[in-house]
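Q: You'll find protein_3.cif just under this line, and it carries mmCIF, C-alpha atoms and all ligand atoms.
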data_data
#
loop_
_atom_site.label_atom_id
_atom_site.label_comp_id
_atom_site.auth_asym_id
_atom_site.auth_seq_id
_atom_site.Cartn_x
_atom_site.Cartn_y
_atom_site.Cartn_z
CA MET A 36 155.21 -71.37 236.56
CA ASN A 37 153.95 -74.89 237.13
CA VAL A 38 155.59 -75.97 233.87
CA TYR A 39 158.89 -74.56 235.14
CA ASP A 40 158.40 -76.18 238.56
CA SER A 41 157.54 -79.55 237.00
CA ASN A 42 160.72 -79.46 234.91
CA ARG A 43 162.78 -78.60 237.96
CA ILE A 44 161.13 -81.37 240.01
CA LEU A 45 162.20 -83.82 237.30
CA ASP A 46 165.74 -82.38 237.34
CA LEU A 47 165.76 -83.16 241.07
CA THR A 48 164.32 -86.69 240.92
CA LYS A 49 166.83 -87.76 238.26
CA LYS A 50 169.42 -87.50 241.05
CA ILE A 51 167.78 -90.43 242.83
CA ASN A 52 167.16 -92.39 239.64
CA TYR A 53 163.57 -91.45 238.96
CA PHE A 54 163.25 -90.47 235.30
CA PRO A 55 160.22 -89.03 233.50
CA THR A 56 157.97 -91.39 231.57
CA LYS A 57 154.90 -90.85 229.42
CA ASN A 58 153.77 -94.39 230.19
CA LEU A 59 151.57 -94.23 233.28
CA ASN A 60 151.61 -97.99 233.50
CA GLU A 61 155.31 -98.23 234.33
CA THR A 62 155.51 -95.41 236.84
CA ASN A 63 156.92 -96.08 240.34
CA CYS A 64 156.22 -92.60 241.53
CA TYR A 65 153.33 -90.45 240.38
CA ILE A 66 153.71 -86.69 240.94
CA LEU A 67 150.76 -84.43 240.28
CA ASN A 68 151.75 -80.76 240.18
CA THR A 69 148.63 -78.75 240.88
CA CYS A 70 147.31 -75.22 240.43
CA HIS A 71 144.79 -73.70 242.83
CA ILE A 72 143.95 -70.55 240.95
CA ARG A 73 140.66 -71.76 239.45
CA GLU A 74 137.62 -73.45 240.87
CA LYS A 75 137.43 -77.23 241.22
CA ALA A 76 141.22 -77.67 241.46
CA THR A 77 140.82 -80.12 244.35
CA ASP A 78 138.11 -82.09 242.51
CA LYS A 79 140.55 -82.49 239.63
CA VAL A 80 143.09 -84.03 242.03
CA TYR A 81 140.54 -86.63 243.25
CA HIS A 82 139.54 -87.31 239.65
CA ASP A 83 143.13 -87.89 238.63
CA ILE A 84 143.78 -90.17 241.58
CA GLY A 85 140.67 -92.16 240.61
CA ARG A 86 142.15 -92.68 237.14
CA LEU A 87 145.44 -93.78 238.67
CA LYS A 88 143.73 -96.25 241.00
CA LYS A 89 142.00 -97.86 238.02
CA GLU A 90 145.29 -98.18 236.17
CA PHE A 91 146.94 -99.84 239.19
CA ARG A 92 143.93 -101.93 240.26
CA ASN A 93 145.80 -105.21 239.95
CA LYS A 94 149.30 -103.94 240.60
CA LYS A 95 151.40 -102.55 243.41
CA LYS A 96 150.49 -98.89 243.73
CA PRO A 97 153.15 -96.27 242.90
CA ILE A 98 154.28 -93.66 245.41
CA VAL A 99 151.75 -90.84 244.99
CA LEU A 100 152.76 -87.22 245.61
CA ILE A 101 150.63 -84.11 245.22
CA ALA A 102 152.76 -81.02 244.63
CA GLY A 103 151.89 -77.37 243.98
CA CYS A 104 149.36 -74.93 245.34
CA VAL A 105 146.50 -77.38 246.00
CA ALA A 106 148.92 -79.33 248.21
CA GLN A 107 149.82 -76.08 249.97
CA ALA A 108 146.24 -74.93 250.49
CA GLU A 109 144.52 -78.23 251.19
CA GLY A 110 147.30 -80.70 251.98
CA ASP A 111 145.90 -82.00 255.29
CA ILE A 112 142.44 -82.53 253.82
CA LEU A 113 143.89 -84.36 250.80
CA LEU A 114 145.92 -86.72 253.01
CA LYS A 115 142.94 -87.41 255.23
CA LYS A 116 140.36 -87.86 252.48
CA GLU A 117 142.37 -89.84 249.93
CA LYS A 118 144.44 -92.63 251.43
CA TYR A 119 146.04 -93.34 248.04
CA ILE A 120 148.05 -90.09 248.41
CA ASP A 121 151.36 -90.63 250.24
CA ALA A 122 152.64 -87.07 250.50
CA VAL A 123 151.80 -83.45 249.78
CA ILE A 124 154.55 -80.99 248.86
CA GLY A 125 153.97 -77.24 248.62
CA PRO A 126 155.46 -75.03 245.89
CA GLN A 127 158.12 -73.66 248.27
CA SER A 128 159.15 -77.10 249.56
CA TYR A 129 159.64 -79.17 246.43
CA HIS A 130 163.41 -79.26 246.90
CA GLU A 131 162.48 -81.81 249.61
CA ILE A 132 161.06 -84.17 247.02
CA ASN A 133 163.96 -86.64 246.90
CA LYS A 134 164.05 -86.96 250.67
CA THR A 135 160.29 -87.53 250.63
CA ILE A 136 160.45 -90.22 247.94
CA LEU A 137 163.32 -92.03 249.64
CA ASN A 138 161.43 -91.98 252.95
CA LEU A 139 158.33 -93.35 251.30
CA GLU A 140 160.32 -96.13 249.66
CA LYS A 141 161.21 -97.34 253.16
CA ASN A 142 158.02 -96.75 255.09
CA SER A 143 154.46 -95.71 254.47
CA ILE A 144 154.08 -92.77 256.85
CA LYS A 145 152.14 -89.93 255.24
CA ILE A 146 154.22 -86.79 254.71
CA ASN A 147 153.06 -83.18 254.67
CA SER A 148 155.83 -80.91 253.41
CA THR A 149 154.36 -77.43 253.04
CA GLU A 150 156.83 -75.08 254.68
CA PHE A 151 157.67 -71.75 253.02
CA ASN A 152 161.36 -72.44 252.40
CA VAL A 153 161.84 -70.38 249.27
CA ILE A 154 165.49 -69.47 249.97
CA GLU A 155 166.44 -73.10 250.65
CA LYS A 156 164.53 -74.18 247.56
CA PHE A 157 166.48 -71.92 245.21
CA ASP A 158 169.78 -72.72 246.99
CA GLU A 159 169.11 -76.36 246.14
CA LEU A 160 167.92 -75.68 242.59
CA ASN A 161 170.93 -73.47 241.82
CA ILE A 162 173.30 -76.40 242.14
CA ILE A 163 171.25 -78.61 239.82
CA ARG A 164 171.49 -77.72 236.17
CA ASN A 165 168.24 -76.78 234.46
CA THR A 166 168.09 -79.43 231.72
CA ASP A 167 165.13 -77.93 229.87
CA SER A 168 166.07 -78.02 226.21
CA LYS A 169 163.16 -76.29 224.57
CA ILE A 170 163.71 -73.49 222.07
CA SER A 171 161.46 -71.37 224.25
CA SER A 172 162.05 -71.91 227.97
CA PHE A 173 160.68 -70.58 231.22
CA LEU A 174 162.87 -69.21 233.98
CA THR A 175 161.47 -68.28 237.41
CA ILE A 176 163.02 -65.07 238.71
CA GLN A 177 160.53 -64.09 241.38
CA GLU A 178 157.90 -65.81 243.44
CA GLY A 179 155.07 -64.87 245.70
CA CYS A 180 153.00 -61.77 246.15
CA ASP A 181 152.52 -59.02 248.74
CA LYS A 182 149.54 -57.41 247.02
CA PHE A 183 146.68 -59.43 248.55
CA CYS A 184 144.00 -58.88 245.94
CA LYS A 185 140.87 -59.97 247.74
CA PHE A 186 139.96 -62.75 245.31
CA CYS A 187 143.39 -64.38 245.01
CA VAL A 188 144.99 -67.37 246.73
CA VAL A 189 148.57 -66.71 245.61
CA PRO A 190 149.82 -64.80 248.69
CA TYR A 191 148.62 -67.73 250.82
CA THR A 192 149.94 -70.55 248.62
CA ARG A 193 153.22 -69.07 247.32
CA GLY A 194 153.98 -66.71 250.23
CA GLY A 195 155.47 -63.21 250.13
CA GLU A 196 157.49 -61.66 247.29
CA TYR A 197 160.94 -63.14 246.87
CA SER A 198 163.49 -62.35 244.14
CA ARG A 199 166.38 -64.58 243.10
CA SER A 200 169.84 -63.10 242.66
CA ILE A 201 170.83 -61.75 239.23
CA ASN A 202 173.83 -64.10 239.14
CA GLU A 203 171.75 -67.21 239.75
CA ILE A 204 169.29 -66.19 237.06
CA VAL A 205 171.93 -65.28 234.48
CA ASN A 206 173.74 -68.58 235.11
CA GLU A 207 170.52 -70.49 234.61
CA ALA A 208 169.77 -68.50 231.44
CA LYS A 209 173.26 -69.36 230.11
CA ALA A 210 172.65 -73.05 230.85
CA LEU A 211 169.34 -72.86 228.94
CA ALA A 212 171.11 -71.16 226.03
CA GLU A 213 173.74 -73.93 226.00
CA ASN A 214 170.88 -76.47 225.89
CA GLY A 215 169.55 -74.75 222.76
CA SER A 216 167.05 -72.20 224.10
CA LYS A 217 166.62 -69.11 221.96
CA GLU A 218 163.82 -67.49 223.89
CA ILE A 219 163.42 -67.07 227.63
CA THR A 220 160.24 -66.12 229.42
CA LEU A 221 161.03 -64.70 232.85
CA LEU A 222 158.43 -65.79 235.34
CA GLY A 223 157.03 -64.44 238.56
CA GLN A 224 153.63 -64.06 240.16
CA ASN A 225 154.55 -60.36 240.19
CA VAL A 226 157.45 -60.49 237.80
CA ASN A 227 157.96 -56.74 237.63
CA ALA A 228 158.14 -56.53 241.42
CA TYR A 229 161.54 -58.18 240.90
CA ASN A 230 164.02 -56.47 243.19
CA TYR A 231 167.34 -57.97 244.17
CA GLN A 232 169.69 -55.63 246.00
CA ASP A 233 168.04 -52.70 244.22
CA LYS A 234 168.43 -54.32 240.81
CA LYS A 235 165.11 -54.36 239.01
CA LEU A 236 163.55 -56.34 236.19
CA SER A 237 164.93 -53.90 233.60
CA ASN A 238 168.52 -54.49 234.90
CA LEU A 239 167.98 -58.22 234.65
CA ILE A 240 166.60 -57.94 231.12
CA TYR A 241 169.70 -56.03 229.97
CA GLU A 242 171.94 -58.70 231.55
CA ILE A 243 170.11 -61.57 229.86
CA ALA A 244 170.09 -59.70 226.56
CA LYS A 245 173.92 -59.91 226.64
CA ILE A 246 173.74 -63.70 226.24
CA LYS A 247 174.44 -64.07 222.55
CA ASP A 248 172.28 -67.12 221.82
CA ILE A 249 169.21 -65.78 223.59
CA GLU A 250 167.39 -63.92 220.87
CA ARG A 251 164.08 -63.19 222.53
CA ILE A 252 163.05 -62.22 226.06
CA ARG A 253 159.53 -62.14 227.48
CA TYR A 254 158.22 -61.82 231.02
CA THR A 255 154.99 -62.60 232.79
CA THR A 256 152.92 -61.76 234.84
CA SER A 257 153.19 -58.04 235.52
CA HIS A 258 151.27 -55.91 237.97
CA PRO A 259 150.36 -52.33 236.93
CA ARG A 260 151.50 -51.03 240.33
CA ASP A 261 155.08 -52.22 239.67
CA PHE A 262 155.33 -51.01 236.09
CA SER A 263 158.18 -48.56 236.61
CA ASP A 264 159.58 -46.09 234.08
CA ASP A 265 162.88 -47.98 233.77
CA LEU A 266 160.95 -51.06 232.59
CA ILE A 267 158.99 -48.96 230.11
CA GLU A 268 162.26 -47.52 228.85
CA ALA A 269 163.69 -51.05 228.41
CA HIS A 270 160.93 -51.73 225.86
CA GLY A 271 162.30 -48.92 223.76
CA LYS A 272 165.95 -49.84 224.21
CA CYS A 273 166.20 -53.61 224.26
CA GLU A 274 165.54 -55.16 220.86
CA LYS A 275 165.40 -58.66 222.30
CA LEU A 276 162.45 -57.72 224.51
CA MET A 277 159.26 -58.79 222.72
CA PRO A 278 156.50 -56.24 222.14
CA LEU A 279 153.63 -58.10 223.82
CA ILE A 280 152.83 -57.42 227.46
CA HIS A 281 150.40 -59.40 229.55
CA LEU A 282 149.13 -56.82 232.02
CA PRO A 283 146.16 -58.03 234.09
CA VAL A 284 143.61 -55.32 234.83
CA GLN A 285 140.65 -57.44 236.10
CA SER A 286 138.04 -54.66 235.78
CA GLY A 287 137.47 -51.36 233.98
CA SER A 288 135.80 -49.78 237.01
CA ASN A 289 137.79 -47.95 239.69
CA LYS A 290 135.10 -48.80 242.22
CA ILE A 291 135.56 -52.54 241.59
CA LEU A 292 139.36 -52.27 241.45
CA LYS A 293 139.25 -50.63 244.87
CA SER A 294 137.02 -53.31 246.34
CA MET A 295 139.34 -55.95 244.84
CA ASN A 296 142.29 -54.21 246.55
CA ARG A 297 144.08 -54.03 243.20
CA LYS A 298 146.10 -50.96 244.25
CA HIS A 299 145.83 -49.28 240.83
CA THR A 300 143.25 -47.23 238.98
CA ILE A 301 142.21 -47.31 235.33
CA GLU A 302 143.95 -43.96 234.88
CA ASN A 303 147.26 -45.47 236.16
CA TYR A 304 146.74 -48.43 233.87
CA LEU A 305 146.08 -46.36 230.74
CA ASN A 306 149.00 -44.12 231.58
CA ILE A 307 151.36 -47.15 231.51
CA ILE A 308 149.92 -48.27 228.19
CA ASN A 309 150.35 -44.83 226.66
CA LYS A 310 153.93 -44.53 227.88
CA LEU A 311 154.75 -47.97 226.46
CA LYS A 312 153.24 -47.02 223.09
CA LYS A 313 155.47 -43.96 222.99
CA VAL A 314 158.67 -45.98 223.37
CA ARG A 315 157.50 -48.94 221.27
CA PRO A 316 154.67 -47.90 218.91
CA ASP A 317 153.88 -51.45 217.70
CA ILE A 318 153.45 -52.82 221.24
CA LYS A 319 150.37 -54.96 221.98
CA PHE A 320 148.66 -56.02 225.19
CA SER A 321 146.81 -58.96 226.64
CA SER A 322 144.99 -59.03 229.96
CA ASP A 323 142.92 -60.92 232.55
CA PHE A 324 139.38 -59.96 233.50
CA ILE A 325 137.08 -61.03 236.30
CA ILE A 326 133.47 -60.57 235.27
CA GLY A 327 130.72 -60.29 237.89
CA TYR A 328 132.91 -59.49 240.89
CA PRO A 329 130.68 -58.91 243.97
CA GLY A 330 129.24 -55.40 243.78
CA GLU A 331 129.72 -55.06 240.01
CA LYS A 332 126.81 -52.99 238.68
CA LYS A 333 125.82 -52.62 235.03
CA LYS A 334 127.71 -49.33 234.78
CA ASP A 335 130.88 -50.95 236.22
CA PHE A 336 130.63 -53.72 233.66
CA GLU A 337 130.16 -51.17 230.87
CA LYS A 338 133.43 -49.55 231.95
CA THR A 339 135.16 -52.91 231.50
CA ILE A 340 133.72 -53.16 228.00
CA LYS A 341 134.89 -49.61 227.27
CA LEU A 342 138.41 -50.47 228.41
CA MET A 343 138.42 -53.54 226.18
CA LYS A 344 137.36 -51.45 223.20
CA ASP A 345 139.81 -48.63 223.97
CA VAL A 346 142.92 -50.76 224.47
CA LYS A 347 141.98 -53.49 221.96
CA PHE A 348 143.71 -56.32 223.82
CA ILE A 349 144.83 -58.91 221.29
CA ASN A 350 144.20 -61.66 223.82
CA SER A 351 142.13 -61.68 226.95
CA PHE A 352 141.39 -64.26 229.58
CA SER A 353 138.02 -63.70 231.17
CA PHE A 354 136.16 -65.66 233.83
CA VAL A 355 133.14 -65.17 236.00
CA PHE A 356 134.18 -64.49 239.59
CA ASN A 357 134.43 -67.64 241.65
CA LYS A 358 135.07 -67.88 245.35
CA ARG A 359 138.44 -69.24 246.41
CA PRO A 360 138.29 -70.65 249.94
CA GLY A 361 140.31 -68.66 252.47
CA THR A 362 140.30 -65.38 250.51
CA PRO A 363 138.45 -62.27 251.79
CA ALA A 364 136.27 -62.18 248.64
CA ALA A 365 134.93 -65.64 249.49
CA ASN A 366 132.74 -63.94 252.13
CA LEU A 367 131.20 -61.45 249.69
CA LYS A 368 127.71 -61.83 248.25
CA LYS A 369 127.85 -63.24 244.74
CA ILE A 370 126.00 -61.66 241.84
CA ASN A 371 123.18 -63.63 240.24
CA ASP A 372 124.63 -66.41 238.04
CA ASN A 373 122.56 -65.57 234.98
CA ILE A 374 123.61 -61.93 235.05
CA CYS A 375 127.27 -63.03 235.29
CA LYS A 376 126.91 -65.48 232.41
CA ASP A 377 125.25 -62.85 230.20
CA ARG A 378 127.98 -60.32 230.99
CA LEU A 379 130.71 -62.85 230.30
CA LYS A 380 129.17 -63.74 226.93
CA ASN A 381 128.77 -60.09 226.04
CA PHE A 382 132.39 -59.38 227.03
CA GLN A 383 133.81 -62.38 225.23
CA ASP A 384 131.86 -61.62 222.02
CA ILE A 385 133.47 -58.20 221.95
CA SER A 386 136.95 -59.46 222.81
CA HIS A 387 136.71 -62.19 220.11
CA LYS A 388 135.68 -59.60 217.55
CA ILE A 389 138.63 -57.38 218.47
CA LYS A 390 140.98 -60.36 218.23
CA LYS A 391 139.50 -61.39 214.88
CA ASN A 392 139.90 -57.87 213.44
CA TYR A 393 143.50 -57.74 214.62
CA ARG A 394 144.31 -61.13 213.13
CA GLU A 395 142.62 -60.44 209.81
CA LYS A 396 144.84 -57.43 209.34
CA LEU A 397 147.88 -59.71 209.59
CA LEU A 398 146.96 -61.50 206.38
CA ASN A 399 149.56 -60.90 203.65
CA THR A 400 151.83 -59.08 206.07
CA THR A 401 155.24 -60.36 207.15
CA SER A 402 156.43 -61.17 210.63
CA PHE A 403 159.47 -62.67 212.29
CA VAL A 404 158.80 -66.17 213.59
CA LEU A 405 160.95 -68.23 215.94
CA PHE A 406 160.37 -71.90 215.14
CA GLU A 407 160.07 -74.25 218.09
CA ASN A 408 159.20 -77.71 216.82
CA LEU A 409 157.84 -79.92 214.05
CA THR A 410 154.08 -80.51 214.02
CA LYS A 411 152.58 -83.94 213.37
CA VAL A 412 152.41 -83.07 209.67
CA ARG A 413 155.59 -83.81 207.73
CA ASN A 414 157.91 -80.83 207.12
CA SER A 415 155.50 -78.57 208.92
CA TYR A 416 157.04 -76.35 211.59
CA PHE A 417 155.42 -74.54 214.51
CA GLY A 418 156.68 -71.20 215.74
CA ARG A 419 155.60 -67.89 217.22
CA ASP A 420 155.84 -64.34 215.98
CA GLU A 421 156.93 -61.46 218.19
CA PHE A 422 153.36 -61.07 219.48
CA TYR A 423 153.18 -64.73 220.50
CA ASN A 424 150.84 -65.65 217.63
CA SER A 425 151.17 -69.29 216.56
CA VAL A 426 152.45 -69.69 213.02
CA ILE A 427 152.82 -72.87 210.96
CA VAL A 428 155.08 -73.06 207.93
CA THR A 429 156.01 -75.93 205.62
CA SER A 430 159.67 -76.19 204.68
CA ASN A 431 162.19 -78.74 203.48
CA ASP A 432 164.85 -77.04 205.60
CA ASN A 433 165.03 -77.66 209.33
CA LEU A 434 163.63 -74.46 210.85
CA ILE A 435 163.85 -75.43 214.52
CA GLY A 436 165.56 -72.70 216.55
CA LYS A 437 165.66 -70.29 213.61
CA ILE A 438 163.98 -66.92 213.23
CA LYS A 439 162.56 -66.42 209.74
CA LYS A 440 160.67 -63.67 208.03
CA ILE A 441 157.28 -65.16 207.19
CA LYS A 442 154.54 -63.93 204.90
CA ILE A 443 151.14 -64.82 206.39
CA SER A 444 148.93 -66.52 203.80
CA ASP A 445 146.07 -67.91 205.87
CA ILE A 446 144.60 -67.42 209.34
CA ASN A 447 142.16 -69.31 211.51
CA HIS A 448 140.99 -68.59 215.06
CA ASN A 449 144.15 -69.85 216.77
CA THR A 450 146.81 -70.32 214.13
CA MET A 451 148.33 -68.46 211.21
CA PHE A 452 149.92 -70.16 208.23
CA GLY A 453 152.64 -68.70 206.08
CA ASN A 454 155.60 -69.06 203.77
CA ILE A 455 159.19 -68.10 204.13
CA ASN A 456 159.56 -64.69 202.63
CA ASN A 457 162.41 -64.85 200.17
CA GLU A 458 161.69 -61.58 198.49
CA LYS A 459 164.89 -59.99 197.30
CA LYS A 460 165.66 -56.58 198.67
CA ASN A 461 166.02 -53.87 196.05
CA PHE A 462 168.59 -51.18 196.58
CA ALA A 463 168.65 -47.65 195.29
CA ALA A 464 171.40 -45.07 195.52
S1 LIG B 501 148.75 -59.24 242.37
FE1 LIG B 501 148.28 -61.14 241.25
S2 LIG B 501 149.19 -62.79 242.47
FE2 LIG B 501 149.10 -60.99 243.80
S3 LIG B 501 147.20 -61.17 244.95
FE3 LIG B 501 146.75 -59.93 243.13
S4 LIG B 501 146.07 -61.38 241.53
FE4 LIG B 501 147.07 -62.57 243.18
#
Written as structure tokens, that's how I'd like the structure from this file.
A:
Amino acid sequence: MNVYDSNRILDLTKKINYFPTKNLNETNCYILNTCHIREKATDKVYHDIGRLKKEFRNKKKPIVLIAGCVAQAEGDILLKKEKYIDAVIGPQSYHEINKTILNLEKNSIKINSTEFNVIEKFDELNIIRNTDSKISSFLTIQEGCDKFCKFCVVPYTRGGEYSRSINEIVNEAKALAENGSKEITLLGQNVNAYNYQDKKLSNLIYEIAKIKDIERIRYTTSHPRDFSDDLIEAHGKCEKLMPLIHLPVQSGSNKILKSMNRKHTIENYLNIINKLKKVRPDIKFSSDFIIGYPGEKKKDFEKTIKLMKDVKFINSFSFVFNKRPGTPAANLKKINDNICKDRLKNFQDISHKIKKNYREKLLNTTSFVLFENLTKVRNSYFGRDEFYNSVIVTSNDNLIGKIKKIKISDINHNTMFGNINNEKKNFAA
């Protein structure tokens, strides 16, 4: 979502003549869009500002803005501790960015803009065209969360659940298609909690699927609690909907899920997976796991391993529990560090093995790849298959924006390599 927000921030600043540059040296305004989900996010901000100060040691300093969830959660502290920062802007206030920059051009009063103005924000964004011109683009449809998992900062930094109107979203999707996008990933902290005047995520997917030039649709991140039957059905009906679902589970133990306030059980979770497999047998899953959550006993951890082995997630993102300030779980007693590290290693060894087995089976098979860009190697194109696996292919033809049937000839840990499959079809009557 931060990628989407950063693009939209740049769409806004262009209106006041501030254009993106990759050259730090020439910047008049430095905007750092931050994420607060992991540990040390604030340290990273200070580190980045230190780098900036060095760069501008002998020059007039640029206007310095900190945007995103660190600004929301720790804005006052940032402004107090680091005088180099001129303003903090929360994720629901970034439509104020031009006003903030123009104010700072005139005077040097520190600005804290961290109101939860999500409706105003999207009203403002709707009238500014999304100029993202990537083959695969992000589109925010929903923000915020009402679930309050005990370890998570999102409900405090992004606010409650809010869904944009179907019209706004479809118009933005059409603009992205006109800019050349072929794939759209619908974004939300709880994307499948999308609900606008009783229209759900599945309704929105069918609407976007009507846009001729959009060939692929993905969405992230889903919550098991909001995985309704109509969405499951859409996976069987809508060919443009890709067969990989990122469905965070966090733990394989019902006891831990309850203490996390996840609002779902492992039985609910497996039920969703089984229903999805019925409507789309080739569907695959990825997930997030917190290892060593307070209270996790060996037998709870073993249940997480069992879940990993049963579902065979093709990708998993696992971290040892870390305390996020201001969340209820920050007050819980942490498990011994060494135990957590051992469990994480054990878990990741198993998940890597599952991923490796899955990928090895793809060798010499064919898949449909949407090509996004050239790599640094001449005539070598990067794309993704339906399951979001990275694929590189060499071709004399320009493949960007095209979907090709590719035969996989080589695989390493992160990338697959292949050739365009020109096999002729044989016909029999
Ligand atoms: S559902 Fe997701 S975003 Fe919401 S509180 Fe839980 S982990 Fe955070």
Q: Using all atoms listed in the file, determine which residues lie at most 6 Å from region 98-107 of chain A, disregarding the query and same-chain residues fewer than 3 positions distant; provide the list as a list in words.
A: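 With the cut-off at 6 Å, the set is Cys64, Tyr65, Ile66, Leu67, Asn68, Thr69, Cys70, His71, Gly110, Ile120, Asp121, Ala122, Val123, Ile124, Gly125, Pro126, Thr149 and Thr192 of chain A.
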Q: For Thr255 (chain A), find every residue with an atom within 8 Å (counting all atoms listed in the file), except residues of its own chain fewer than 5 positions away, and show them as a short mmCIF file (atom, residue, chain, number, x, y, z; two decimals) with C-alpha atoms, in the coordinates of the input.
A:
data_model
loop_
_atom_site.label_atom_id
_atom_site.label_comp_id
_atom_site.auth_asym_id
_atom_site.auth_seq_id
_atom_site.Cartn_x
_atom_site.Cartn_y
_atom_site.Cartn_z
CA THR A 220 160.24 -66.12 229.42
CA LEU A 221 161.03 -64.70 232.85
CA LEU A 222 158.43 -65.79 235.34
CA GLY A 223 157.03 -64.44 238.56
CA GLN A 224 153.63 -64.06 240.16
CA ASN A 225 154.55 -60.36 240.19
CA VAL A 226 157.45 -60.49 237.80
CA ILE A 280 152.83 -57.42 227.46
CA HIS A 281 150.40 -59.40 229.55
#
Q: Please identify all protein, DNA and RNA residues within 7 Å of ligand LIG 501 (chain B), counting all atoms listed in the file, and report them as number ranges by chain.
A: A: 180-184, 187-190, 224-225, 258, 297
Q: Hey, can you pull every residue with an atom no more than 10 Å from (159.9, -59.8, 211.4), using only C-alpha atoms, and send it as a ChimeraX atom specification?
A: /A:400-405,420-421,438-442
Q: If you count only C-alpha atoms, which residues fall within 12 Å of Asn52 (chain A), apart from same-chain ones fewer than 5 positions away, as a PDB file with C-alpha atoms, keeping the file's coordinate frame?
A:
ATOM      1  CA  LEU A  45     162.200 -83.820 237.300  1.00  0.00           C
ATOM      2  CA  ASP A  46     165.740 -82.380 237.340  1.00  0.00           C
ATOM      3  CA  LEU A  47     165.760 -83.160 241.070  1.00  0.00           C
ATOM      4  CA  ASN A  63     156.920 -96.080 240.340  1.00  0.00           C
ATOM      5  CA  CYS A  64     156.220 -92.600 241.530  1.00  0.00           C
ATOM      6  CA  ASN A 133     163.960 -86.640 246.900  1.00  0.00           C
ATOM      7  CA  ILE A 136     160.450 -90.220 247.940  1.00  0.00           C
ATOM      8  CA  LEU A 137     163.320 -92.030 249.640  1.00  0.00           C
TER       9      LEU A 137
END
Q: Using only C-alpha atoms, find the one residue out of A:Glu242, A:Asp377, A:Asp323, A:Glu331 that sits nearest to Ile204 (chain A).
A: A:Glu242
Q: Excluding Asp265 (chain A) and any residue of its chain fewer than 4 positions from it, enumerate the residues within 9 Å of it, using only C-alpha atoms, and give them as a PyMOL selection string.
A: chain A and resi 235-238+269-270
Q: Take the residues just selected and output them with C-alpha atoms as an mmCIF file, in the coordinates of the input.
A:
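Final file, selection.cif:
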data_model
loop_
_atom_site.group_PDB
_atom_site.id
_atom_site.type_symbol
_atom_site.label_atom_id
_atom_site.label_comp_id
_atom_site.auth_asym_id
_atom_site.auth_seq_id
_atom_site.Cartn_x
_atom_site.Cartn_y
_atom_site.Cartn_z
ATOM 1 C CA LYS A 235 165.110 -54.360 239.010
ATOM 2 C CA LEU A 236 163.550 -56.340 236.190
ATOM 3 C CA SER A 237 164.930 -53.900 233.600
ATOM 4 C CA ASN A 238 168.520 -54.490 234.900
ATOM 5 C CA ALA A 269 163.690 -51.050 228.410
ATOM 6 C CA HIS A 270 160.930 -51.730 225.860
#
Q: Quick one: everything within 10 Å of Leu239 (chain A), counting only C-alpha atoms, minus sequence neighbours fewer than 6 positions away in the same chain. Send it as a ChimeraX atom specification.
A: /A:176,200-202,204-205,221,229-231
Q: So how far away is CA of Glu178 (chain A) from CA of Lys145 (chain A), in Å?
A: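 Answer for the CA of Lys145 (chain A) to CA of Glu178 (chain A) separation: 27.5 Å.
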Q: Would you mind telling me which residue in A:Lys272, A:His299, A:Arg73, A:Arg86 lies nearest to Lys358 (chain A) when using all atoms listed in the file?
A: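 Selected residue with least distance to Lys358 (chain A): A:Arg73.
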Q: Which of these residues is nearest to Ser143 (chain A), using only C-alpha atoms: A:Arg359, A:Lys380, A:Lys234, A:Lys96?
A: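 Closest residue, counting only C-alpha atoms: A:Lys96.
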Q: Report the closest atom pair, with its distance in Å rounded to one decimal, for each residue of region 241-327 of chain A that has an atom no farther than 12 Å from region 385-391 of chain A; count only C-alpha atoms, sort by chain and then rising residue number, and write it as a Markdown table.
A:
| residue | atom | partner | partner_atom | distance |
| --- | --- | --- | --- | --- |
| A:Lys319 | CA | A:Lys390 | CA | 11.5 |
| A:Phe320 | CA | A:Lys390 | CA | 11.2 |
| A:Ser321 | CA | A:Lys390 | CA | 10.3 |
| A:Ser322 | CA | A:Ser386 | CA | 10.8 |
| A:Asp323 | CA | A:Ser386 | CA | 11.5 |
| A:Phe324 | CA | A:Ser386 | CA | 11.0 |
Q: I'd like to know which of A:Met451, A:Ile308, A:Leu434, A:Ile374 is closest to Asp345 (chain A), using all atoms listed in the file.
A: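 With all atoms listed in the file as the atom set, the closest residue is A:Ile308.
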